[in-house]
$ cat upload_26.pdb   # PDB, N, CA, C and O atoms
ATOM      1  N   MET A   1       0.850  -1.175   0.000
ATOM      2  CA  MET A   1       0.000   0.000   0.000
ATOM      3  C   MET A   1       0.897   1.239   0.000
ATOM      4  O   MET A   1       1.786   1.364   0.814
ATOM      5  N   ASP A   2       0.624   2.131  -0.919
ATOM      6  CA  ASP A   2       1.441   3.322  -1.117
ATOM      7  C   ASP A   2       0.769   4.533  -0.461
ATOM      8  O   ASP A   2      -0.413   4.783  -0.696
ATOM      9  N   ILE A   3       1.536   5.279   0.329
ATOM     10  CA  ILE A   3       0.975   6.414   1.065
ATOM     11  C   ILE A   3       0.462   7.493   0.116
ATOM     12  O   ILE A   3      -0.592   8.093   0.356
ATOM     13  N   GLU A   4       1.170   7.734  -0.983
ATOM     14  CA  GLU A   4       0.733   8.775  -1.923
ATOM     15  C   GLU A   4      -0.607   8.409  -2.555
ATOM     16  O   GLU A   4      -1.487   9.264  -2.703
ATOM     17  N   GLU A   5      -0.772   7.142  -2.926
ATOM     18  CA  GLU A   5      -2.044   6.681  -3.497
ATOM     19  C   GLU A   5      -3.164   6.802  -2.463
ATOM     20  O   GLU A   5      -4.260   7.261  -2.770
ATOM     21  N   PHE A   6      -2.873   6.392  -1.226
ATOM     22  CA  PHE A   6      -3.873   6.470  -0.158
ATOM     23  C   PHE A   6      -4.302   7.920   0.064
ATOM     24  O   PHE A   6      -5.495   8.213   0.188
ATOM     25  N   ILE A   7      -3.332   8.832   0.092
ATOM     26  CA  ILE A   7      -3.644  10.251   0.299
ATOM     27  C   ILE A   7      -4.499  10.775  -0.853
ATOM     28  O   ILE A   7      -5.461  11.514  -0.634
ATOM     29  N   GLN A   8      -4.172  10.395  -2.081
ATOM     30  CA  GLN A   8      -4.947  10.838  -3.243
ATOM     31  C   GLN A   8      -6.406  10.385  -3.119
ATOM     32  O   GLN A   8      -7.339  11.169  -3.296
ATOM     33  N   LEU A   9      -6.603   9.106  -2.804
ATOM     34  CA  LEU A   9      -7.957   8.572  -2.649
ATOM     35  C   LEU A   9      -8.682   9.235  -1.478
ATOM     36  O   LEU A   9      -9.877   9.545  -1.559
ATOM     37  N   PHE A  10      -7.958   9.456  -0.395
ATOM     38  CA  PHE A  10      -8.515  10.122   0.788
ATOM     39  C   PHE A  10      -8.968  11.538   0.413
ATOM     40  O   PHE A  10     -10.098  11.944   0.718
ATOM     41  N   ALA A  11      -8.101  12.270  -0.279
ATOM     42  CA  ALA A  11      -8.384  13.665  -0.637
ATOM     43  C   ALA A  11      -9.581  13.780  -1.571
ATOM     44  O   ALA A  11     -10.318  14.778  -1.524
ATOM     45  N   GLU A  12      -9.803  12.774  -2.405
ATOM     46  CA  GLU A  12     -10.926  12.800  -3.340
ATOM     47  C   GLU A  12     -12.286  12.800  -2.630
ATOM     48  O   GLU A  12     -13.295  13.124  -3.257
ATOM     49  N   GLN A  13     -12.313  12.476  -1.363
ATOM     50  CA  GLN A  13     -13.566  12.453  -0.613
ATOM     51  C   GLN A  13     -13.967  13.847  -0.130
ATOM     52  O   GLN A  13     -15.055  14.039   0.400
ATOM     53  N   PHE A  14     -13.089  14.812  -0.324
ATOM     54  CA  PHE A  14     -13.327  16.194   0.099
ATOM     55  C   PHE A  14     -13.609  17.051  -1.130
ATOM     56  O   PHE A  14     -12.919  16.933  -2.140
ATOM     57  N   ASP A  15     -14.601  17.923  -1.048
ATOM     58  CA  ASP A  15     -14.971  18.764  -2.184
ATOM     59  C   ASP A  15     -14.225  20.097  -2.211
ATOM     60  O   ASP A  15     -13.900  20.597  -3.280
ATOM     61  N   GLU A  16     -13.974  20.662  -1.048
ATOM     62  CA  GLU A  16     -13.484  22.038  -1.000
ATOM     63  C   GLU A  16     -12.064  22.186  -0.457
ATOM     64  O   GLU A  16     -11.476  23.256  -0.579
ATOM     65  N   THR A  17     -11.515  21.147   0.129
ATOM     66  CA  THR A  17     -10.183  21.248   0.734
ATOM     67  C   THR A  17      -9.122  21.034  -0.336
ATOM     68  O   THR A  17      -9.175  20.067  -1.096
ATOM     69  N   ASP A  18      -8.157  21.950  -0.415
ATOM     70  CA  ASP A  18      -7.096  21.872  -1.420
ATOM     71  C   ASP A  18      -6.229  20.638  -1.194
ATOM     72  O   ASP A  18      -5.916  20.287  -0.055
ATOM     73  N   ILE A  19      -5.828  20.009  -2.290
ATOM     74  CA  ILE A  19      -5.018  18.782  -2.226
ATOM     75  C   ILE A  19      -3.727  18.998  -1.439
ATOM     76  O   ILE A  19      -3.226  18.077  -0.805
ATOM     77  N   SER A  20      -3.202  20.219  -1.437
ATOM     78  CA  SER A  20      -1.950  20.495  -0.724
ATOM     79  C   SER A  20      -2.096  20.342   0.787
ATOM     80  O   SER A  20      -1.097  20.228   1.506
ATOM     81  N   GLU A  21      -3.325  20.318   1.287
ATOM     82  CA  GLU A  21      -3.579  20.153   2.721
ATOM     83  C   GLU A  21      -3.357  18.709   3.185
ATOM     84  O   GLU A  21      -3.243  18.449   4.382
ATOM     85  N   PHE A  22      -3.306  17.778   2.245
ATOM     86  CA  PHE A  22      -3.264  16.357   2.583
ATOM     87  C   PHE A  22      -1.835  15.833   2.536
ATOM     88  O   PHE A  22      -1.233  15.750   1.472
ATOM     89  N   LYS A  23      -1.323  15.483   3.708
ATOM     90  CA  LYS A  23       0.022  14.914   3.856
ATOM     91  C   LYS A  23      -0.089  13.760   4.843
ATOM     92  O   LYS A  23      -1.085  13.660   5.565
ATOM     93  N   PRO A  24       0.906  12.882   4.910
ATOM     94  CA  PRO A  24       0.815  11.757   5.861
ATOM     95  C   PRO A  24       0.530  12.224   7.292
ATOM     96  O   PRO A  24      -0.219  11.585   8.023
ATOM     97  N   GLU A  25       1.098  13.367   7.677
ATOM     98  CA  GLU A  25       0.955  13.838   9.055
ATOM     99  C   GLU A  25      -0.274  14.725   9.277
ATOM    100  O   GLU A  25      -0.492  15.217  10.395
ATOM    101  N   THR A  26      -1.093  14.928   8.243
ATOM    102  CA  THR A  26      -2.301  15.754   8.386
ATOM    103  C   THR A  26      -3.260  15.131   9.399
ATOM    104  O   THR A  26      -3.603  13.958   9.305
ATOM    105  N   GLU A  27      -3.658  15.921  10.375
ATOM    106  CA  GLU A  27      -4.662  15.487  11.351
ATOM    107  C   GLU A  27      -6.023  15.749  10.724
ATOM    108  O   GLU A  27      -6.577  16.847  10.811
ATOM    109  N   PHE A  28      -6.544  14.716  10.068
ATOM    110  CA  PHE A  28      -7.695  14.896   9.181
ATOM    111  C   PHE A  28      -8.957  15.374   9.879
ATOM    112  O   PHE A  28      -9.766  16.086   9.295
ATOM    113  N   ARG A  29      -9.144  15.017  11.142
ATOM    114  CA  ARG A  29     -10.358  15.467  11.835
ATOM    115  C   ARG A  29     -10.314  16.960  12.151
ATOM    116  O   ARG A  29     -11.323  17.557  12.510
ATOM    117  N   GLU A  30      -9.141  17.590  12.002
ATOM    118  CA  GLU A  30      -8.995  19.033  12.224
ATOM    119  C   GLU A  30      -9.316  19.835  10.965
ATOM    120  O   GLU A  30      -9.417  21.061  11.024
ATOM    121  N   LEU A  31      -9.480  19.159   9.820
ATOM    122  CA  LEU A  31      -9.806  19.864   8.583
ATOM    123  C   LEU A  31     -11.202  20.474   8.684
ATOM    124  O   LEU A  31     -12.120  19.846   9.209
ATOM    125  N   GLU A  32     -11.356  21.673   8.171
ATOM    126  CA  GLU A  32     -12.622  22.398   8.276
ATOM    127  C   GLU A  32     -13.782  21.611   7.668
ATOM    128  O   GLU A  32     -14.898  21.630   8.181
ATOM    129  N   GLU A  33     -13.505  20.899   6.590
ATOM    130  CA  GLU A  33     -14.561  20.182   5.873
ATOM    131  C   GLU A  33     -14.930  18.837   6.511
ATOM    132  O   GLU A  33     -15.919  18.214   6.142
ATOM    133  N   TRP A  34     -14.145  18.382   7.491
ATOM    134  CA  TRP A  34     -14.383  17.069   8.100
ATOM    135  C   TRP A  34     -15.732  17.041   8.811
ATOM    136  O   TRP A  34     -16.042  17.919   9.612
ATOM    137  N   ASP A  35     -16.521  16.013   8.516
ATOM    138  CA  ASP A  35     -17.753  15.780   9.255
ATOM    139  C   ASP A  35     -18.114  14.298   9.135
ATOM    140  O   ASP A  35     -17.369  13.518   8.548
ATOM    141  N   SER A  36     -19.240  13.921   9.699
ATOM    142  CA  SER A  36     -19.611  12.506   9.712
ATOM    143  C   SER A  36     -19.862  11.960   8.308
ATOM    144  O   SER A  36     -19.603  10.789   8.041
ATOM    145  N   MET A  37     -20.328  12.804   7.394
ATOM    146  CA  MET A  37     -20.551  12.351   6.020
ATOM    147  C   MET A  37     -19.223  12.016   5.341
ATOM    148  O   MET A  37     -19.104  11.005   4.645
ATOM    149  N   VAL A  38     -18.217  12.843   5.541
ATOM    150  CA  VAL A  38     -16.900  12.556   4.973
ATOM    151  C   VAL A  38     -16.359  11.264   5.587
ATOM    152  O   VAL A  38     -15.779  10.431   4.889
ATOM    153  N   ALA A  39     -16.568  11.076   6.880
ATOM    154  CA  ALA A  39     -16.118   9.838   7.534
ATOM    155  C   ALA A  39     -16.745   8.617   6.870
ATOM    156  O   ALA A  39     -16.059   7.622   6.595
ATOM    157  N   LEU A  40     -18.045   8.695   6.574
ATOM    158  CA  LEU A  40     -18.717   7.580   5.898
ATOM    159  C   LEU A  40     -18.159   7.367   4.496
ATOM    160  O   LEU A  40     -18.007   6.223   4.050
ATOM    161  N   MET A  41     -17.837   8.452   3.802
ATOM    162  CA  MET A  41     -17.262   8.323   2.463
ATOM    163  C   MET A  41     -15.866   7.694   2.526
ATOM    164  O   MET A  41     -15.508   6.900   1.648
ATOM    165  N   ILE A  42     -15.096   8.007   3.567
ATOM    166  CA  ILE A  42     -13.771   7.387   3.752
ATOM    167  C   ILE A  42     -13.939   5.889   4.001
ATOM    168  O   ILE A  42     -13.225   5.066   3.413
ATOM    169  N   ILE A  43     -14.890   5.514   4.853
ATOM    170  CA  ILE A  43     -15.146   4.092   5.130
ATOM    171  C   ILE A  43     -15.505   3.365   3.833
ATOM    172  O   ILE A  43     -14.978   2.274   3.553
ATOM    173  N   ALA A  44     -16.370   3.980   3.023
ATOM    174  CA  ALA A  44     -16.778   3.365   1.752
ATOM    175  C   ALA A  44     -15.602   3.268   0.781
ATOM    176  O   ALA A  44     -15.427   2.252   0.089
ATOM    177  N   MET A  45     -14.768   4.315   0.713
ATOM    178  CA  MET A  45     -13.608   4.312  -0.175
ATOM    179  C   MET A  45     -12.635   3.199   0.201
ATOM    180  O   MET A  45     -12.144   2.466  -0.656
ATOM    181  N   VAL A  46     -12.368   3.041   1.488
ATOM    182  CA  VAL A  46     -11.445   1.997   1.943
ATOM    183  C   VAL A  46     -11.994   0.612   1.590
ATOM    184  O   VAL A  46     -11.256  -0.256   1.105
ATOM    185  N   ASP A  47     -13.288   0.427   1.790
ATOM    186  CA  ASP A  47     -13.917  -0.847   1.455
ATOM    187  C   ASP A  47     -13.796  -1.127  -0.043
ATOM    188  O   ASP A  47     -13.409  -2.217  -0.459
ATOM    189  N   GLU A  48     -14.094  -0.119  -0.863
ATOM    190  CA  GLU A  48     -14.082  -0.297  -2.320
ATOM    191  C   GLU A  48     -12.670  -0.487  -2.871
ATOM    192  O   GLU A  48     -12.425  -1.368  -3.688
ATOM    193  N   GLU A  49     -11.739   0.342  -2.429
ATOM    194  CA  GLU A  49     -10.383   0.336  -2.992
ATOM    195  C   GLU A  49      -9.487  -0.756  -2.416
ATOM    196  O   GLU A  49      -8.615  -1.265  -3.108
ATOM    197  N   TYR A  50      -9.681  -1.081  -1.138
ATOM    198  CA  TYR A  50      -8.766  -2.003  -0.455
ATOM    199  C   TYR A  50      -9.457  -3.261   0.063
ATOM    200  O   TYR A  50      -8.791  -4.116   0.657
ATOM    201  N   SER A  51     -10.768  -3.364  -0.111
ATOM    202  CA  SER A  51     -11.539  -4.504   0.402
ATOM    203  C   SER A  51     -11.288  -4.726   1.891
ATOM    204  O   SER A  51     -11.101  -5.850   2.355
ATOM    205  N   VAL A  52     -11.264  -3.627   2.613
ATOM    206  CA  VAL A  52     -11.027  -3.645   4.060
ATOM    207  C   VAL A  52     -12.176  -2.884   4.726
ATOM    208  O   VAL A  52     -12.579  -1.821   4.266
ATOM    209  N   LYS A  53     -12.687  -3.450   5.808
ATOM    210  CA  LYS A  53     -13.738  -2.791   6.587
ATOM    211  C   LYS A  53     -13.087  -2.030   7.740
ATOM    212  O   LYS A  53     -12.432  -2.629   8.587
ATOM    213  N   VAL A  54     -13.258  -0.706   7.731
ATOM    214  CA  VAL A  54     -12.820   0.085   8.881
ATOM    215  C   VAL A  54     -14.071   0.587   9.592
ATOM    216  O   VAL A  54     -15.104   0.814   8.978
ATOM    217  N   SER A  55     -13.961   0.749  10.880
ATOM    218  CA  SER A  55     -15.103   1.170  11.687
ATOM    219  C   SER A  55     -14.963   2.641  12.086
ATOM    220  O   SER A  55     -13.901   3.248  11.918
ATOM    221  N   GLY A  56     -16.034   3.154  12.620
ATOM    222  CA  GLY A  56     -15.971   4.499  13.177
ATOM    223  C   GLY A  56     -14.922   4.602  14.266
ATOM    224  O   GLY A  56     -14.229   5.613  14.376
ATOM    225  N   ASP A  57     -14.782   3.544  15.061
ATOM    226  CA  ASP A  57     -13.743   3.535  16.103
ATOM    227  C   ASP A  57     -12.349   3.602  15.493
ATOM    228  O   ASP A  57     -11.462   4.265  16.034
ATOM    229  N   ASP A  58     -12.141   2.890  14.368
ATOM    230  CA  ASP A  58     -10.834   2.949  13.701
ATOM    231  C   ASP A  58     -10.509   4.384  13.307
ATOM    232  O   ASP A  58      -9.376   4.839  13.465
ATOM    233  N   ILE A  59     -11.517   5.095  12.805
ATOM    234  CA  ILE A  59     -11.302   6.487  12.401
ATOM    235  C   ILE A  59     -11.089   7.365  13.625
ATOM    236  O   ILE A  59     -10.168   8.179  13.661
ATOM    237  N   ARG A  60     -11.905   7.180  14.654
ATOM    238  CA  ARG A  60     -11.750   7.984  15.881
ATOM    239  C   ARG A  60     -10.396   7.744  16.546
ATOM    240  O   ARG A  60      -9.841   8.649  17.163
ATOM    241  N   ASN A  61      -9.860   6.541  16.443
ATOM    242  CA  ASN A  61      -8.590   6.211  17.079
ATOM    243  C   ASN A  61      -7.383   6.591  16.226
ATOM    244  O   ASN A  61      -6.242   6.422  16.663
ATOM    245  N   SER A  62      -7.621   7.088  15.027
ATOM    246  CA  SER A  62      -6.538   7.546  14.150
ATOM    247  C   SER A  62      -6.466   9.066  14.227
ATOM    248  O   SER A  62      -7.486   9.743  14.194
ATOM    249  N   THR A  63      -5.255   9.569  14.312
ATOM    250  CA  THR A  63      -5.070  11.015  14.369
ATOM    251  C   THR A  63      -4.704  11.572  12.996
ATOM    252  O   THR A  63      -5.264  12.571  12.561
ATOM    253  N   THR A  64      -3.776  10.903  12.324
ATOM    254  CA  THR A  64      -3.294  11.393  11.034
ATOM    255  C   THR A  64      -3.735  10.457   9.901
ATOM    256  O   THR A  64      -4.179   9.332  10.148
ATOM    257  N   ILE A  65      -3.565  10.950   8.684
ATOM    258  CA  ILE A  65      -3.870  10.109   7.521
ATOM    259  C   ILE A  65      -2.994   8.861   7.551
ATOM    260  O   ILE A  65      -3.457   7.759   7.256
ATOM    261  N   LYS A  66      -1.730   8.997   7.937
ATOM    262  CA  LYS A  66      -0.818   7.839   8.022
ATOM    263  C   LYS A  66      -1.322   6.835   9.054
ATOM    264  O   LYS A  66      -1.261   5.625   8.822
ATOM    265  N   ASP A  67      -1.823   7.312  10.183
ATOM    266  CA  ASP A  67      -2.377   6.410  11.197
ATOM    267  C   ASP A  67      -3.500   5.565  10.594
ATOM    268  O   ASP A  67      -3.555   4.351  10.805
ATOM    269  N   LEU A  68      -4.380   6.219   9.852
ATOM    270  CA  LEU A  68      -5.505   5.495   9.265
ATOM    271  C   LEU A  68      -5.018   4.508   8.212
ATOM    272  O   LEU A  68      -5.510   3.378   8.144
ATOM    273  N   MET A  69      -4.034   4.913   7.412
ATOM    274  CA  MET A  69      -3.494   3.994   6.425
ATOM    275  C   MET A  69      -2.878   2.760   7.100
ATOM    276  O   MET A  69      -3.035   1.641   6.628
ATOM    277  N   ASP A  70      -2.210   2.968   8.221
ATOM    278  CA  ASP A  70      -1.634   1.842   8.972
ATOM    279  C   ASP A  70      -2.707   0.891   9.463
ATOM    280  O   ASP A  70      -2.520  -0.332   9.454
ATOM    281  N   VAL A  71      -3.851   1.422   9.890
ATOM    282  CA  VAL A  71      -4.972   0.577  10.314
ATOM    283  C   VAL A  71      -5.460  -0.258   9.131
ATOM    284  O   VAL A  71      -5.680  -1.466   9.248
ATOM    285  N   VAL A  72      -5.629   0.402   7.989
ATOM    286  CA  VAL A  72      -6.095  -0.317   6.780
ATOM    287  C   VAL A  72      -5.092  -1.397   6.416
ATOM    288  O   VAL A  72      -5.474  -2.559   6.156
ATOM    289  N   ALA A  73      -3.810  -1.065   6.416
ATOM    290  CA  ALA A  73      -2.760  -2.040   6.054
ATOM    291  C   ALA A  73      -2.771  -3.222   7.019
ATOM    292  O   ALA A  73      -2.564  -4.375   6.597
ATOM    293  N   SER A  74      -3.029  -2.970   8.292
ATOM    294  CA  SER A  74      -3.006  -4.047   9.279
ATOM    295  C   SER A  74      -4.181  -5.009   9.100
ATOM    296  O   SER A  74      -4.139  -6.141   9.566
ATOM    297  N   LYS A  75      -5.234  -4.562   8.402
ATOM    298  CA  LYS A  75      -6.419  -5.388   8.204
ATOM    299  C   LYS A  75      -6.409  -6.131   6.850
ATOM    300  O   LYS A  75      -7.307  -6.910   6.589
ATOM    301  N   LYS A  76      -5.424  -5.854   6.033
ATOM    302  CA  LYS A  76      -5.369  -6.500   4.708
ATOM    303  C   LYS A  76      -4.915  -7.930   4.834
ATOM    304  O   LYS A  76      -4.205  -8.302   5.669
TER     305      LYS A  76
END

$ encode --input "upload_26.pdb" --output "structure tokens"
Amino acid sequence: MDIEEFIQLFAEQFDETDISEFKPETEFRELEEWDSMVALMIIAMVDEEYSVKVSGDDIRNSTTIKDLMDVVASKK
């Protein structure tokens, strides 16, 4: 699993946030556009792209995009 690809797919779930805001260390829940709908879209994206089920707890327990990618990688 490639971090750049994961970030690209992650960023595509946001409509208004500039792509430059997304880095491995980005604390995604601090983004202005973050809300429960985006969280659901991230869960769906991970399921579709990686065939991995992540839960709301997985997202709540992740601080950065890299943290979430590590959770997804650990479930593959």

$ atom_distance --input "upload_26.pdb" --atom1 "atom C of A:Ile19" --atom2 "atom C of A:Thr63"
16.3 Å

$ atom_distance --input "upload_26.pdb" --atom1 "atom CA of A:Arg60" --atom2 "atom CA of A:Asp18"
22.7 Å

$ residues_around --input "upload_26.pdb" --residues "stretch 34-51 of chain A" --least-positions-apart "5" --cutoff "7 Å" --atoms "only N, CA, C and O atoms" --output "MDAnalysis selection string"
chainID A and resid 9:10 13:14 28:29 72 75:76

$ atom_distance --input "upload_26.pdb" --atom1 "atom N of A:Val71" --atom2 "atom N of A:Thr17"
23.3 Å

$ resolve_selection --input "upload_26.pdb" --expression "the PyMOL selection byres (((chain A and resi 1 and name CA) around 10) and name CA)" --output "VMD selection string"
chain A and resid 2 to 6 50 69 to 70 72 to 73 76

$ write_last_selection --input "upload_26.pdb" --atoms "N, CA, C and O atoms" --output "PDB file, in the frame of the given file"
ATOM      1  N   ASP A   2       0.624   2.131  -0.919  1.00  0.00           N
ATOM      2  CA  ASP A   2       1.441   3.322  -1.117  1.00  0.00           C
ATOM      3  C   ASP A   2       0.769   4.533  -0.461  1.00  0.00           C
ATOM      4  O   ASP A   2      -0.413   4.783  -0.696  1.00  0.00           O
ATOM      5  N   ILE A   3       1.536   5.279   0.329  1.00  0.00           N
ATOM      6  CA  ILE A   3       0.975   6.414   1.065  1.00  0.00           C
ATOM      7  C   ILE A   3       0.462   7.493   0.116  1.00  0.00           C
ATOM      8  O   ILE A   3      -0.592   8.093   0.356  1.00  0.00           O
ATOM      9  N   GLU A   4       1.170   7.734  -0.983  1.00  0.00           N
ATOM     10  CA  GLU A   4       0.733   8.775  -1.923  1.00  0.00           C
ATOM     11  C   GLU A   4      -0.607   8.409  -2.555  1.00  0.00           C
ATOM     12  O   GLU A   4      -1.487   9.264  -2.703  1.00  0.00           O
ATOM     13  N   GLU A   5      -0.772   7.142  -2.926  1.00  0.00           N
ATOM     14  CA  GLU A   5      -2.044   6.681  -3.497  1.00  0.00           C
ATOM     15  C   GLU A   5      -3.164   6.802  -2.463  1.00  0.00           C
ATOM     16  O   GLU A   5      -4.260   7.261  -2.770  1.00  0.00           O
ATOM     17  N   PHE A   6      -2.873   6.392  -1.226  1.00  0.00           N
ATOM     18  CA  PHE A   6      -3.873   6.470  -0.158  1.00  0.00           C
ATOM     19  C   PHE A   6      -4.302   7.920   0.064  1.00  0.00           C
ATOM     20  O   PHE A   6      -5.495   8.213   0.188  1.00  0.00           O
ATOM     21  N   TYR A  50      -9.681  -1.081  -1.138  1.00  0.00           N
ATOM     22  CA  TYR A  50      -8.766  -2.003  -0.455  1.00  0.00           C
ATOM     23  C   TYR A  50      -9.457  -3.261   0.063  1.00  0.00           C
ATOM     24  O   TYR A  50      -8.791  -4.116   0.657  1.00  0.00           O
ATOM     25  N   MET A  69      -4.034   4.913   7.412  1.00  0.00           N
ATOM     26  CA  MET A  69      -3.494   3.994   6.425  1.00  0.00           C
ATOM     27  C   MET A  69      -2.878   2.760   7.100  1.00  0.00           C
ATOM     28  O   MET A  69      -3.035   1.641   6.628  1.00  0.00           O
ATOM     29  N   ASP A  70      -2.210   2.968   8.221  1.00  0.00           N
ATOM     30  CA  ASP A  70      -1.634   1.842   8.972  1.00  0.00           C
ATOM     31  C   ASP A  70      -2.707   0.891   9.463  1.00  0.00           C
ATOM     32  O   ASP A  70      -2.520  -0.332   9.454  1.00  0.00           O
ATOM     33  N   VAL A  72      -5.629   0.402   7.989  1.00  0.00           N
ATOM     34  CA  VAL A  72      -6.095  -0.317   6.780  1.00  0.00           C
ATOM     35  C   VAL A  72      -5.092  -1.397   6.416  1.00  0.00           C
ATOM     36  O   VAL A  72      -5.474  -2.559   6.156  1.00  0.00           O
ATOM     37  N   ALA A  73      -3.810  -1.065   6.416  1.00  0.00           N
ATOM     38  CA  ALA A  73      -2.760  -2.040   6.054  1.00  0.00           C
ATOM     39  C   ALA A  73      -2.771  -3.222   7.019  1.00  0.00           C
ATOM     40  O   ALA A  73      -2.564  -4.375   6.597  1.00  0.00           O
ATOM     41  N   LYS A  76      -5.424  -5.854   6.033  1.00  0.00           N
ATOM     42  CA  LYS A  76      -5.369  -6.500   4.708  1.00  0.00           C
ATOM     43  C   LYS A  76      -4.915  -7.930   4.834  1.00  0.00           C
ATOM     44  O   LYS A  76      -4.205  -8.302   5.669  1.00  0.00           O
TER      45      LYS A  76
END

$ select_by_dssp --input "upload_26.pdb" --residues "chain A" --states "helix (DSSP H, G or I)" --output "ChimeraX atom specification"
/A:3-11,19-21,28-30,36-50,56-60,65-75

$ closest_residue --input "upload_26.pdb" --among "A:Ser74, A:Ile65, A:Gly56, A:Glu30" --to "A:Ile7" --atoms "all atoms listed in the file"
A:Ile65

$ build_atoms --input "upload_26.pdb" --residues "stretch 58-64 of chain A" --atoms "all heavy atoms" --output "mmCIF file, keeping the file's coordinate frame"
data_model
loop_
_atom_site.group_PDB
_atom_site.id
_atom_site.type_symbol
_atom_site.label_atom_id
_atom_site.label_comp_id
_atom_site.auth_asym_id
_atom_site.auth_seq_id
_atom_site.Cartn_x
_atom_site.Cartn_y
_atom_site.Cartn_z
ATOM 1 N N ASP A 58 -12.141 2.890 14.368
ATOM 2 C CA ASP A 58 -10.834 2.949 13.701
ATOM 3 C C ASP A 58 -10.509 4.384 13.307
ATOM 4 O O ASP A 58 -9.376 4.839 13.465
ATOM 5 C CB ASP A 58 -10.814 2.064 12.449
ATOM 6 C CG ASP A 58 -10.885 0.581 12.765
ATOM 7 O OD1 ASP A 58 -10.375 0.166 13.824
ATOM 8 O OD2 ASP A 58 -11.452 -0.173 11.940
ATOM 9 N N ILE A 59 -11.517 5.095 12.805
ATOM 10 C CA ILE A 59 -11.302 6.487 12.401
ATOM 11 C C ILE A 59 -11.089 7.365 13.625
ATOM 12 O O ILE A 59 -10.168 8.179 13.661
ATOM 13 C CB ILE A 59 -12.469 6.980 11.528
ATOM 14 C CG1 ILE A 59 -12.408 6.263 10.169
ATOM 15 C CG2 ILE A 59 -12.428 8.505 11.360
ATOM 16 C CD1 ILE A 59 -13.515 6.582 9.224
ATOM 17 N N ARG A 60 -11.905 7.180 14.654
ATOM 18 C CA ARG A 60 -11.750 7.984 15.881
ATOM 19 C C ARG A 60 -10.396 7.744 16.546
ATOM 20 O O ARG A 60 -9.841 8.649 17.163
ATOM 21 C CB ARG A 60 -12.873 7.677 16.870
ATOM 22 C CG ARG A 60 -14.156 8.427 16.577
ATOM 23 C CD ARG A 60 -15.180 8.266 17.688
ATOM 24 N NE ARG A 60 -15.700 6.903 17.778
ATOM 25 C CZ ARG A 60 -16.644 6.403 16.998
ATOM 26 N NH1 ARG A 60 -17.185 7.147 16.061
ATOM 27 N NH2 ARG A 60 -17.068 5.163 17.155
ATOM 28 N N ASN A 61 -9.860 6.541 16.443
ATOM 29 C CA ASN A 61 -8.590 6.211 17.079
ATOM 30 C C ASN A 61 -7.383 6.591 16.226
ATOM 31 O O ASN A 61 -6.242 6.422 16.663
ATOM 32 C CB ASN A 61 -8.539 4.718 17.426
ATOM 33 C CG ASN A 61 -9.529 4.362 18.511
ATOM 34 O OD1 ASN A 61 -9.851 5.178 19.370
ATOM 35 N ND2 ASN A 61 -10.057 3.154 18.464
ATOM 36 N N SER A 62 -7.621 7.088 15.027
ATOM 37 C CA SER A 62 -6.538 7.546 14.150
ATOM 38 C C SER A 62 -6.466 9.066 14.227
ATOM 39 O O SER A 62 -7.486 9.743 14.194
ATOM 40 C CB SER A 62 -6.813 7.127 12.699
ATOM 41 O OG SER A 62 -6.887 5.726 12.585
ATOM 42 N N THR A 63 -5.255 9.569 14.312
ATOM 43 C CA THR A 63 -5.070 11.015 14.369
ATOM 44 C C THR A 63 -4.704 11.572 12.996
ATOM 45 O O THR A 63 -5.264 12.571 12.561
ATOM 46 C CB THR A 63 -3.965 11.375 15.387
ATOM 47 O OG1 THR A 63 -4.338 10.838 16.664
ATOM 48 C CG2 THR A 63 -3.784 12.879 15.506
ATOM 49 N N THR A 64 -3.776 10.903 12.324
ATOM 50 C CA THR A 64 -3.294 11.393 11.034
ATOM 51 C C THR A 64 -3.735 10.457 9.901
ATOM 52 O O THR A 64 -4.179 9.332 10.148
ATOM 53 C CB THR A 64 -1.756 11.473 11.026
ATOM 54 O OG1 THR A 64 -1.217 10.146 11.134
ATOM 55 C CG2 THR A 64 -1.229 12.343 12.158
#
